[in-house]
Amino acid sequence: LHPLTLEDVLHTGQRAKLESYDGQLFTIVSLPEVTEHGIATAQLSLFLGDTWLVSFYSGHEDPFNAVRQRTYRDTSRIRHSGVDYLYYSLLDTAVDLVFPILETLGDRIEALELTVFDNPSREVLDEIHRLKRELVLLRRVTWPQRDMINALLRDEHGQITHDTKLYIRDCYDHAVHALDLVESYREMASSLLEVYLSSL
C-alpha cells in the first residue's frame, strides 16, 4: 500500500476521492453516523487489487454486517463474482446509509412546519439552525461522493469489470438521488427560517 494513501487512511475526515497507485485502486468515502451529539461522519478507505480488497473504517458502528452475512451464503452473488463486486457492495452500502438519516430529517422538517406557525419560539429557531447545520454536513458528504462514483464510471480501471460497472451505475443513481434530497431539504429548512421570521 502506497505511503501517501496510508497517510489518508490515518488522517480521517478526507473528502471522497479515487486514485490509482501501482495497479491498485484507492477510494475514500465518507459515511454519516448518528451520534448523541447529532450527525457526524466516519471514513471508509478501500484498496482494490486484482484479487484482493482491504478496507479501513473509522466509525463506531459496523455498517457492513449485512454484506458480511451475504458472503457466508453459498448462493450469494458476492461468493460467485470477482472482488470488484465486493468493492461495489461496500460502496453501495456506504452510499445508502444516508437515506435513513434523510428520512429522519424529513420527519423533523414536517414537525417544524406545524410548530413554526403556532409557536415561533427560541427552541424552534435553534432546531431550524441545527437542521441547517446537519444538512450542510450531509451535502459535504454527498456532493464529492457523487463526483467520485461518476469518475469511477467514466474512467477505465483494470480492477473493475464491465459487469460490475453496471452495478456501480445503480450506485451512482443512489448518490444523485441522495444529493437531490439534501438540496431539497436545505431549501425547505431555509423556507422554515423565513416563515419563522414572518411569524414573529
# chains A, B, ... in the order shown; residues from 1 in each chain; ligands from 1
>>> residues_around(residues="Thr5 of chain A", least_positions_apart="5", cutoff="12 Å", atoms="only C-alpha atoms", output="PyMOL selection string")
chain A and resi 10-12+14+17-22+24-28+45-47+56
>>> residues_around(residues="Thr104 of chain A", least_positions_apart="3", cutoff="12 Å", atoms="only C-alpha atoms", output="PDB file with N, CA and C atoms, in the first residue's frame")
ATOM      1  N   VAL A  34     -25.152   8.711  13.112  1.00  0.00           N
ATOM      2  CA  VAL A  34     -25.946   9.432  14.099  1.00  0.00           C
ATOM      3  C   VAL A  34     -25.332   9.185  15.471  1.00  0.00           C
ATOM      4  N   GLY A  38     -25.619  14.523  17.517  1.00  0.00           N
ATOM      5  CA  GLY A  38     -26.109  14.866  16.179  1.00  0.00           C
ATOM      6  C   GLY A  38     -25.460  13.975  15.126  1.00  0.00           C
ATOM      7  N   ILE A  39     -25.340  14.506  13.924  1.00  0.00           N
ATOM      8  CA  ILE A  39     -24.771  13.735  12.815  1.00  0.00           C
ATOM      9  C   ILE A  39     -23.273  13.997  12.728  1.00  0.00           C
ATOM     10  N   VAL A  98     -27.083   7.083   3.978  1.00  0.00           N
ATOM     11  CA  VAL A  98     -27.596   8.443   4.164  1.00  0.00           C
ATOM     12  C   VAL A  98     -29.128   8.474   4.140  1.00  0.00           C
ATOM     13  N   PHE A  99     -29.771   7.488   3.522  1.00  0.00           N
ATOM     14  CA  PHE A  99     -31.222   7.561   3.331  1.00  0.00           C
ATOM     15  C   PHE A  99     -32.030   7.469   4.629  1.00  0.00           C
ATOM     16  N   PRO A 100     -31.717   6.558   5.553  1.00  0.00           N
ATOM     17  CA  PRO A 100     -32.459   6.573   6.827  1.00  0.00           C
ATOM     18  C   PRO A 100     -32.299   7.889   7.592  1.00  0.00           C
ATOM     19  N   ILE A 101     -31.108   8.492   7.493  1.00  0.00           N
ATOM     20  CA  ILE A 101     -30.868   9.776   8.169  1.00  0.00           C
ATOM     21  C   ILE A 101     -31.708  10.867   7.514  1.00  0.00           C
ATOM     22  N   ASP A 107     -38.822  13.990   8.584  1.00  0.00           N
ATOM     23  CA  ASP A 107     -39.842  13.986   9.646  1.00  0.00           C
ATOM     24  C   ASP A 107     -39.692  15.205  10.555  1.00  0.00           C
ATOM     25  N   ARG A 108     -38.441  15.573  10.842  1.00  0.00           N
ATOM     26  CA  ARG A 108     -38.197  16.750  11.687  1.00  0.00           C
ATOM     27  C   ARG A 108     -38.667  18.029  10.998  1.00  0.00           C
ATOM     28  N   ILE A 109     -38.459  18.116   9.688  1.00  0.00           N
ATOM     29  CA  ILE A 109     -38.909  19.286   8.932  1.00  0.00           C
ATOM     30  C   ILE A 109     -40.437  19.387   8.968  1.00  0.00           C
ATOM     31  N   GLU A 110     -41.111  18.254   8.782  1.00  0.00           N
ATOM     32  CA  GLU A 110     -42.580  18.247   8.836  1.00  0.00           C
ATOM     33  C   GLU A 110     -43.087  18.713  10.194  1.00  0.00           C
ATOM     34  N   ALA A 111     -42.453  18.219  11.261  1.00  0.00           N
ATOM     35  CA  ALA A 111     -42.860  18.613  12.612  1.00  0.00           C
ATOM     36  C   ALA A 111     -42.633  20.108  12.835  1.00  0.00           C
ATOM     37  N   LEU A 131     -30.830  21.871  12.191  1.00  0.00           N
ATOM     38  CA  LEU A 131     -31.203  21.160  10.972  1.00  0.00           C
ATOM     39  C   LEU A 131     -30.372  21.642   9.781  1.00  0.00           C
ATOM     40  N   GLU A 134     -26.799  20.297   9.994  1.00  0.00           N
ATOM     41  CA  GLU A 134     -26.710  18.874   9.655  1.00  0.00           C
ATOM     42  C   GLU A 134     -26.856  18.648   8.156  1.00  0.00           C
ATOM     43  N   LEU A 135     -27.694  19.440   7.506  1.00  0.00           N
ATOM     44  CA  LEU A 135     -27.860  19.320   6.060  1.00  0.00           C
ATOM     45  C   LEU A 135     -26.630  19.804   5.306  1.00  0.00           C
ATOM     46  N   TYR A 185     -34.149  19.413   0.966  1.00  0.00           N
ATOM     47  CA  TYR A 185     -34.352  19.657   2.400  1.00  0.00           C
ATOM     48  C   TYR A 185     -33.687  20.960   2.842  1.00  0.00           C
TER      49      TYR A 185
END
>>> closest_residue(among="A:His157, A:Arg139, A:Arg68, A:Lys132", to="Asp50 of chain A", atoms="only C-alpha atoms")
A:His157
>>> select_by_dssp(residues="segment 14-197 of chain A", states="strand (DSSP E)", output="mmCIF file with all heavy atoms, in the first residue's frame")
data_model
loop_
_atom_site.group_PDB
_atom_site.id
_atom_site.type_symbol
_atom_site.label_atom_id
_atom_site.label_comp_id
_atom_site.auth_asym_id
_atom_site.auth_seq_id
_atom_site.Cartn_x
_atom_site.Cartn_y
_atom_site.Cartn_z
ATOM 1 N N LYS A 17 -12.662 10.472 -2.606
ATOM 2 C CA LYS A 17 -11.744 10.562 -3.750
ATOM 3 C C LYS A 17 -11.401 9.178 -4.278
ATOM 4 O O LYS A 17 -11.635 8.162 -3.614
ATOM 5 C CB LYS A 17 -10.483 11.325 -3.379
ATOM 6 C CG LYS A 17 -9.586 10.662 -2.360
ATOM 7 C CD LYS A 17 -8.348 11.549 -2.160
ATOM 8 C CE LYS A 17 -7.402 10.982 -1.134
ATOM 9 N NZ LYS A 17 -6.203 11.827 -0.996
ATOM 10 N N LEU A 18 -10.829 9.165 -5.483
ATOM 11 C CA LEU A 18 -10.483 7.935 -6.186
ATOM 12 C C LEU A 18 -9.122 8.132 -6.834
ATOM 13 O O LEU A 18 -8.926 9.085 -7.594
ATOM 14 C CB LEU A 18 -11.552 7.659 -7.256
ATOM 15 C CG LEU A 18 -11.369 6.450 -8.139
ATOM 16 C CD1 LEU A 18 -11.621 5.172 -7.353
ATOM 17 C CD2 LEU A 18 -12.330 6.526 -9.325
ATOM 18 N N GLU A 19 -8.167 7.245 -6.513
ATOM 19 C CA GLU A 19 -6.815 7.371 -7.071
ATOM 20 C C GLU A 19 -6.259 5.994 -7.407
ATOM 21 O O GLU A 19 -6.625 4.994 -6.767
ATOM 22 C CB GLU A 19 -5.882 8.061 -6.060
ATOM 23 C CG GLU A 19 -6.251 9.509 -5.794
ATOM 24 C CD GLU A 19 -5.413 10.132 -4.679
ATOM 25 O OE1 GLU A 19 -4.730 9.390 -3.962
ATOM 26 O OE2 GLU A 19 -5.464 11.371 -4.541
ATOM 27 N N SER A 20 -5.383 5.954 -8.407
ATOM 28 C CA SER A 20 -4.710 4.704 -8.781
ATOM 29 C C SER A 20 -3.244 4.768 -8.376
ATOM 30 O O SER A 20 -2.578 5.779 -8.604
ATOM 31 C CB SER A 20 -4.795 4.473 -10.293
ATOM 32 O OG SER A 20 -6.119 4.189 -10.668
ATOM 33 N N TYR A 21 -2.773 3.692 -7.754
ATOM 34 C CA TYR A 21 -1.373 3.582 -7.358
ATOM 35 C C TYR A 21 -0.894 2.163 -7.661
ATOM 36 O O TYR A 21 -1.419 1.195 -7.107
ATOM 37 C CB TYR A 21 -1.193 3.818 -5.848
ATOM 38 C CG TYR A 21 -1.367 5.234 -5.380
ATOM 39 C CD1 TYR A 21 -2.594 5.683 -4.930
ATOM 40 C CD2 TYR A 21 -0.291 6.124 -5.361
ATOM 41 C CE1 TYR A 21 -2.761 6.973 -4.475
ATOM 42 C CE2 TYR A 21 -0.451 7.423 -4.912
ATOM 43 C CZ TYR A 21 -1.681 7.841 -4.470
ATOM 44 O OH TYR A 21 -1.850 9.133 -4.029
ATOM 45 N N GLN A 24 -3.283 -0.572 -8.086
ATOM 46 C CA GLN A 24 -4.319 -0.631 -7.050
ATOM 47 C C GLN A 24 -5.246 0.559 -7.221
ATOM 48 O O GLN A 24 -4.823 1.619 -7.665
ATOM 49 C CB GLN A 24 -3.700 -0.547 -5.657
ATOM 50 C CG GLN A 24 -2.642 -1.574 -5.341
ATOM 51 C CD GLN A 24 -1.878 -1.213 -4.083
ATOM 52 O OE1 GLN A 24 -2.321 -0.367 -3.320
ATOM 53 N NE2 GLN A 24 -0.745 -1.857 -3.870
ATOM 54 N N LEU A 25 -6.492 0.375 -6.822
ATOM 55 C CA LEU A 25 -7.464 1.458 -6.832
ATOM 56 C C LEU A 25 -7.723 1.855 -5.384
ATOM 57 O O LEU A 25 -8.115 1.017 -4.571
ATOM 58 C CB LEU A 25 -8.756 0.976 -7.499
ATOM 59 C CG LEU A 25 -9.716 2.037 -8.013
ATOM 60 C CD1 LEU A 25 -9.030 2.925 -9.052
ATOM 61 C CD2 LEU A 25 -10.945 1.379 -8.629
ATOM 62 N N PHE A 26 -7.471 3.107 -5.060
ATOM 63 C CA PHE A 26 -7.655 3.598 -3.694
ATOM 64 C C PHE A 26 -8.860 4.530 -3.654
ATOM 65 O O PHE A 26 -8.957 5.461 -4.445
ATOM 66 C CB PHE A 26 -6.396 4.340 -3.229
ATOM 67 C CG PHE A 26 -6.534 4.989 -1.879
ATOM 68 C CD1 PHE A 26 -6.823 4.237 -0.755
ATOM 69 C CD2 PHE A 26 -6.373 6.367 -1.732
ATOM 70 C CE1 PHE A 26 -6.955 4.835 0.492
ATOM 71 C CE2 PHE A 26 -6.485 6.970 -0.493
ATOM 72 C CZ PHE A 26 -6.786 6.198 0.619
ATOM 73 N N THR A 27 -9.788 4.247 -2.754
ATOM 74 C CA THR A 27 -11.037 5.009 -2.668
ATOM 75 C C THR A 27 -11.277 5.445 -1.235
ATOM 76 O O THR A 27 -11.055 4.670 -0.301
ATOM 77 C CB THR A 27 -12.237 4.141 -3.111
ATOM 78 O OG1 THR A 27 -11.939 3.522 -4.349
ATOM 79 C CG2 THR A 27 -13.494 4.976 -3.245
ATOM 80 N N ILE A 28 -11.728 6.694 -1.079
ATOM 81 C CA ILE A 28 -12.182 7.178 0.230
ATOM 82 C C ILE A 28 -13.637 7.614 0.096
ATOM 83 O O ILE A 28 -14.004 8.307 -0.857
ATOM 84 C CB ILE A 28 -11.323 8.354 0.730
ATOM 85 C CG1 ILE A 28 -9.973 7.846 1.213
ATOM 86 C CG2 ILE A 28 -12.018 9.105 1.861
ATOM 87 C CD1 ILE A 28 -9.045 8.927 1.734
ATOM 88 N N VAL A 29 -14.459 7.177 1.047
ATOM 89 C CA VAL A 29 -15.869 7.554 1.095
ATOM 90 C C VAL A 29 -16.185 7.995 2.521
ATOM 91 O O VAL A 29 -15.699 7.401 3.481
ATOM 92 C CB VAL A 29 -16.778 6.360 0.717
ATOM 93 C CG1 VAL A 29 -18.229 6.778 0.689
ATOM 94 C CG2 VAL A 29 -16.383 5.782 -0.625
ATOM 95 N N SER A 30 -16.995 9.058 2.652
ATOM 96 C CA SER A 30 -17.456 9.494 3.974
ATOM 97 C C SER A 30 -18.832 8.907 4.243
ATOM 98 O O SER A 30 -19.699 8.914 3.368
ATOM 99 C CB SER A 30 -17.528 11.019 4.039
ATOM 100 O OG SER A 30 -16.241 11.574 3.981
ATOM 101 N N LEU A 31 -19.016 8.394 5.449
ATOM 102 C CA LEU A 31 -20.294 7.816 5.847
ATOM 103 C C LEU A 31 -20.882 8.623 6.995
ATOM 104 O O LEU A 31 -20.179 8.917 7.957
ATOM 105 C CB LEU A 31 -20.116 6.365 6.310
ATOM 106 C CG LEU A 31 -19.957 5.285 5.244
ATOM 107 C CD1 LEU A 31 -18.634 5.408 4.534
ATOM 108 C CD2 LEU A 31 -20.078 3.912 5.879
ATOM 109 N N PRO A 32 -22.165 8.997 6.900
ATOM 110 C CA PRO A 32 -22.800 9.704 8.014
ATOM 111 C C PRO A 32 -23.140 8.750 9.151
ATOM 112 O O PRO A 32 -23.509 7.603 8.911
ATOM 113 C CB PRO A 32 -24.063 10.299 7.390
ATOM 114 C CG PRO A 32 -24.383 9.373 6.268
ATOM 115 C CD PRO A 32 -23.091 8.813 5.772
ATOM 116 N N GLU A 33 -22.967 9.215 10.372
ATOM 117 C CA GLU A 33 -23.311 8.433 11.562
ATOM 118 C C GLU A 33 -24.150 9.295 12.492
ATOM 119 O O GLU A 33 -23.868 10.489 12.646
ATOM 120 C CB GLU A 33 -22.049 8.051 12.336
ATOM 121 C CG GLU A 33 -21.329 6.841 11.845
ATOM 122 C CD GLU A 33 -20.271 6.401 12.848
ATOM 123 O OE1 GLU A 33 -19.638 7.260 13.485
ATOM 124 O OE2 GLU A 33 -20.079 5.193 12.992
ATOM 125 N N VAL A 34 -25.152 8.711 13.112
ATOM 126 C CA VAL A 34 -25.946 9.432 14.099
ATOM 127 C C VAL A 34 -25.332 9.185 15.471
ATOM 128 O O VAL A 34 -25.179 8.037 15.898
ATOM 129 C CB VAL A 34 -27.418 8.966 14.079
ATOM 130 C CG1 VAL A 34 -28.215 9.687 15.159
ATOM 131 C CG2 VAL A 34 -28.033 9.213 12.719
ATOM 132 N N THR A 35 -24.937 10.272 16.148
ATOM 133 C CA THR A 35 -24.361 10.176 17.483
ATOM 134 C C THR A 35 -25.282 10.909 18.460
ATOM 135 O O THR A 35 -26.264 11.536 18.054
ATOM 136 C CB THR A 35 -22.959 10.812 17.534
ATOM 137 O OG1 THR A 35 -23.083 12.234 17.351
ATOM 138 C CG2 THR A 35 -22.063 10.244 16.438
ATOM 139 N N GLY A 38 -25.619 14.523 17.517
ATOM 140 C CA GLY A 38 -26.109 14.866 16.179
ATOM 141 C C GLY A 38 -25.460 13.975 15.126
ATOM 142 O O GLY A 38 -25.045 12.849 15.405
ATOM 143 N N ILE A 39 -25.340 14.506 13.924
ATOM 144 C CA ILE A 39 -24.771 13.735 12.815
ATOM 145 C C ILE A 39 -23.273 13.997 12.728
ATOM 146 O O ILE A 39 -22.818 15.141 12.766
ATOM 147 C CB ILE A 39 -25.456 14.104 11.487
ATOM 148 C CG1 ILE A 39 -26.945 13.758 11.546
ATOM 149 C CG2 ILE A 39 -24.805 13.365 10.317
ATOM 150 C CD1 ILE A 39 -27.734 14.221 10.348
ATOM 151 N N ALA A 40 -22.503 12.924 12.612
ATOM 152 C CA ALA A 40 -21.057 13.012 12.427
ATOM 153 C C ALA A 40 -20.701 12.184 11.189
ATOM 154 O O ALA A 40 -21.565 11.531 10.595
ATOM 155 C CB ALA A 40 -20.329 12.486 13.660
ATOM 156 N N THR A 41 -19.440 12.216 10.796
ATOM 157 C CA THR A 41 -19.015 11.430 9.642
ATOM 158 C C THR A 41 -17.889 10.480 10.039
ATOM 159 O O THR A 41 -17.085 10.783 10.912
ATOM 160 C CB THR A 41 -18.519 12.322 8.487
ATOM 161 O OG1 THR A 41 -17.458 13.153 8.939
ATOM 162 C CG2 THR A 41 -19.639 13.177 7.945
ATOM 163 N N ALA A 42 -17.881 9.325 9.384
ATOM 164 C CA ALA A 42 -16.795 8.363 9.523
ATOM 165 C C ALA A 42 -16.200 8.136 8.138
ATOM 166 O O ALA A 42 -16.822 8.465 7.128
ATOM 167 C CB ALA A 42 -17.322 7.060 10.104
ATOM 168 N N GLN A 43 -15.005 7.603 8.099
ATOM 169 C CA GLN A 43 -14.314 7.437 6.816
ATOM 170 C C GLN A 43 -14.118 5.965 6.488
ATOM 171 O O GLN A 43 -13.663 5.188 7.314
ATOM 172 C CB GLN A 43 -12.950 8.132 6.868
ATOM 173 C CG GLN A 43 -12.158 8.011 5.562
ATOM 174 C CD GLN A 43 -10.894 8.832 5.586
ATOM 175 O OE1 GLN A 43 -10.933 10.046 5.756
ATOM 176 N NE2 GLN A 43 -9.749 8.178 5.437
ATOM 177 N N LEU A 44 -14.487 5.602 5.262
ATOM 178 C CA LEU A 44 -14.209 4.267 4.728
ATOM 179 C C LEU A 44 -13.127 4.398 3.671
ATOM 180 O O LEU A 44 -13.274 5.165 2.719
ATOM 181 C CB LEU A 44 -15.481 3.678 4.112
ATOM 182 C CG LEU A 44 -15.313 2.365 3.343
ATOM 183 C CD1 LEU A 44 -14.908 1.232 4.276
ATOM 184 C CD2 LEU A 44 -16.592 2.005 2.588
ATOM 185 N N SER A 45 -12.035 3.653 3.858
ATOM 186 C CA SER A 45 -10.939 3.640 2.883
ATOM 187 C C SER A 45 -10.862 2.245 2.280
ATOM 188 O O SER A 45 -10.842 1.243 3.011
ATOM 189 C CB SER A 45 -9.606 3.980 3.563
ATOM 190 O OG SER A 45 -9.701 5.202 4.265
ATOM 191 N N LEU A 46 -10.835 2.173 0.954
ATOM 192 C CA LEU A 46 -10.823 0.887 0.255
ATOM 193 C C LEU A 46 -9.618 0.801 -0.673
ATOM 194 O O LEU A 46 -9.343 1.734 -1.432
ATOM 195 C CB LEU A 46 -12.096 0.709 -0.574
ATOM 196 C CG LEU A 46 -13.427 0.661 0.173
ATOM 197 C CD1 LEU A 46 -14.585 0.725 -0.809
ATOM 198 C CD2 LEU A 46 -13.519 -0.585 1.030
ATOM 199 N N PHE A 47 -8.901 -0.314 -0.603
ATOM 200 C CA PHE A 47 -7.821 -0.626 -1.539
ATOM 201 C C PHE A 47 -8.265 -1.836 -2.356
ATOM 202 O O PHE A 47 -8.527 -2.891 -1.795
ATOM 203 C CB PHE A 47 -6.533 -0.976 -0.797
ATOM 204 C CG PHE A 47 -5.924 0.166 -0.049
ATOM 205 C CD1 PHE A 47 -6.315 0.446 1.257
ATOM 206 C CD2 PHE A 47 -4.937 0.964 -0.624
ATOM 207 C CE1 PHE A 47 -5.749 1.495 1.960
ATOM 208 C CE2 PHE A 47 -4.363 2.011 0.073
ATOM 209 C CZ PHE A 47 -4.773 2.281 1.369
ATOM 210 N N LEU A 48 -8.367 -1.660 -3.675
ATOM 211 C CA LEU A 48 -8.807 -2.742 -4.549
ATOM 212 C C LEU A 48 -7.675 -3.154 -5.470
ATOM 213 O O LEU A 48 -7.136 -2.336 -6.223
ATOM 214 C CB LEU A 48 -10.020 -2.281 -5.379
ATOM 215 C CG LEU A 48 -10.564 -3.278 -6.395
ATOM 216 C CD1 LEU A 48 -11.120 -4.517 -5.716
ATOM 217 C CD2 LEU A 48 -11.626 -2.623 -7.274
ATOM 218 N N LEU A 53 -9.079 -7.166 -1.638
ATOM 219 C CA LEU A 53 -9.674 -5.903 -1.188
ATOM 220 C C LEU A 53 -9.322 -5.707 0.281
ATOM 221 O O LEU A 53 -9.487 -6.620 1.088
ATOM 222 C CB LEU A 53 -11.199 -5.952 -1.356
ATOM 223 C CG LEU A 53 -11.997 -4.766 -0.814
ATOM 224 C CD1 LEU A 53 -11.764 -3.523 -1.656
ATOM 225 C CD2 LEU A 53 -13.482 -5.087 -0.786
ATOM 226 N N VAL A 54 -8.833 -4.518 0.607
ATOM 227 C CA VAL A 54 -8.534 -4.174 2.005
ATOM 228 C C VAL A 54 -9.365 -2.943 2.355
ATOM 229 O O VAL A 54 -9.407 -1.973 1.594
ATOM 230 C CB VAL A 54 -7.027 -3.859 2.212
ATOM 231 C CG1 VAL A 54 -6.767 -3.467 3.672
ATOM 232 C CG2 VAL A 54 -6.171 -5.049 1.824
ATOM 233 N N SER A 55 -10.054 -3.001 3.502
ATOM 234 C CA SER A 55 -10.877 -1.855 3.906
ATOM 235 C C SER A 55 -10.503 -1.405 5.306
ATOM 236 O O SER A 55 -10.141 -2.217 6.164
ATOM 237 C CB SER A 55 -12.365 -2.230 3.857
ATOM 238 O OG SER A 55 -12.654 -3.244 4.790
ATOM 239 N N PHE A 56 -10.581 -0.091 5.527
ATOM 240 C CA PHE A 56 -10.393 0.520 6.841
ATOM 241 C C PHE A 56 -11.604 1.401 7.109
ATOM 242 O O PHE A 56 -11.978 2.199 6.261
ATOM 243 C CB PHE A 56 -9.128 1.392 6.882
ATOM 244 C CG PHE A 56 -7.855 0.636 6.654
ATOM 245 C CD1 PHE A 56 -7.345 0.480 5.374
ATOM 246 C CD2 PHE A 56 -7.160 0.079 7.717
ATOM 247 C CE1 PHE A 56 -6.159 -0.212 5.154
ATOM 248 C CE2 PHE A 56 -5.980 -0.609 7.508
ATOM 249 C CZ PHE A 56 -5.478 -0.761 6.229
ATOM 250 N N TYR A 57 -12.183 1.257 8.300
ATOM 251 C CA TYR A 57 -13.360 2.058 8.642
ATOM 252 C C TYR A 57 -13.157 2.704 10.008
ATOM 253 O O TYR A 57 -12.783 2.029 10.968
ATOM 254 C CB TYR A 57 -14.616 1.174 8.636
ATOM 255 C CG TYR A 57 -15.879 1.927 8.941
ATOM 256 C CD1 TYR A 57 -16.291 2.984 8.135
ATOM 257 C CD2 TYR A 57 -16.663 1.606 10.046
ATOM 258 C CE1 TYR A 57 -17.439 3.700 8.408
ATOM 259 C CE2 TYR A 57 -17.825 2.313 10.329
ATOM 260 C CZ TYR A 57 -18.198 3.360 9.501
ATOM 261 O OH TYR A 57 -19.339 4.072 9.774
#
>>> atom_distance(atom1="atom CA of Ile168 of chain A", atom2="atom CA of Tyr88 of chain A")
6.3 Å
>>> closest_residue(among="A:His129, A:Arg70, A:His60, A:Arg140", to="Leu192 of chain A", atoms="only C-alpha atoms")
A:His129
>>> select_by_dssp(residues="chain A", states="helix (DSSP H, G or I)", output="JSON, numbers by chain")
{"A": [3, 4, 5, 6, 7, 8, 9, 10, 65, 66, 67, 68, 69, 70, 71, 72, 77, 78, 79, 80, 83, 84, 85, 86, 87, 88, 89, 90, 91, 92, 93, 94, 95, 96, 98, 99, 100, 101, 102, 103, 104, 105, 106, 107, 108, 109, 110, 111, 112, 113, 114, 115, 116, 117, 118, 122, 123, 124, 125, 126, 127, 128, 129, 130, 131, 132, 133, 134, 135, 136, 137, 138, 139, 140, 141, 142, 143, 144, 145, 146, 147, 148, 149, 150, 151, 152, 153, 154, 162, 163, 164, 165, 166, 167, 168, 169, 170, 171, 172, 173, 174, 175, 176, 177, 178, 179, 180, 181, 182, 183, 184, 185, 186, 187, 188, 189, 190, 191, 192, 193, 194, 195, 196, 197, 198, 199]}
>>> closest_residue(among="A:Leu90, A:Thr164, A:Val116, A:Ile78", to="Ser198 of chain A", atoms="only C-alpha atoms")
A:Val116
>>> residues_around(residues="Thr161 of chain A", least_positions_apart="5", cutoff="10 Å", atoms="only C-alpha atoms", output="list in words")
Gly82, Val83, Asp84, Tyr85, Glu156 and Leu166 of chain A
>>> residues_around(residues="segment 172-177 of chain A", least_positions_apart="5", cutoff="7 Å", atoms="only C-alpha atoms", output="JSON list (two decimals) with C-alpha atoms, in the first residue's frame")
[["chain", "number", "residue", "atom", "x", "y", "z"],
["A", 95, "VAL", "CA", -23.98, 5.46, -0.18],
["A", 142, "THR", "CA", -22.90, 13.51, -0.76],
["A", 146, "ARG", "CA", -21.39, 11.57, -6.35],
["A", 149, "ILE", "CA", -18.56, 7.48, -8.30],
["A", 150, "ASN", "CA", -19.03, 9.31, -11.60]]
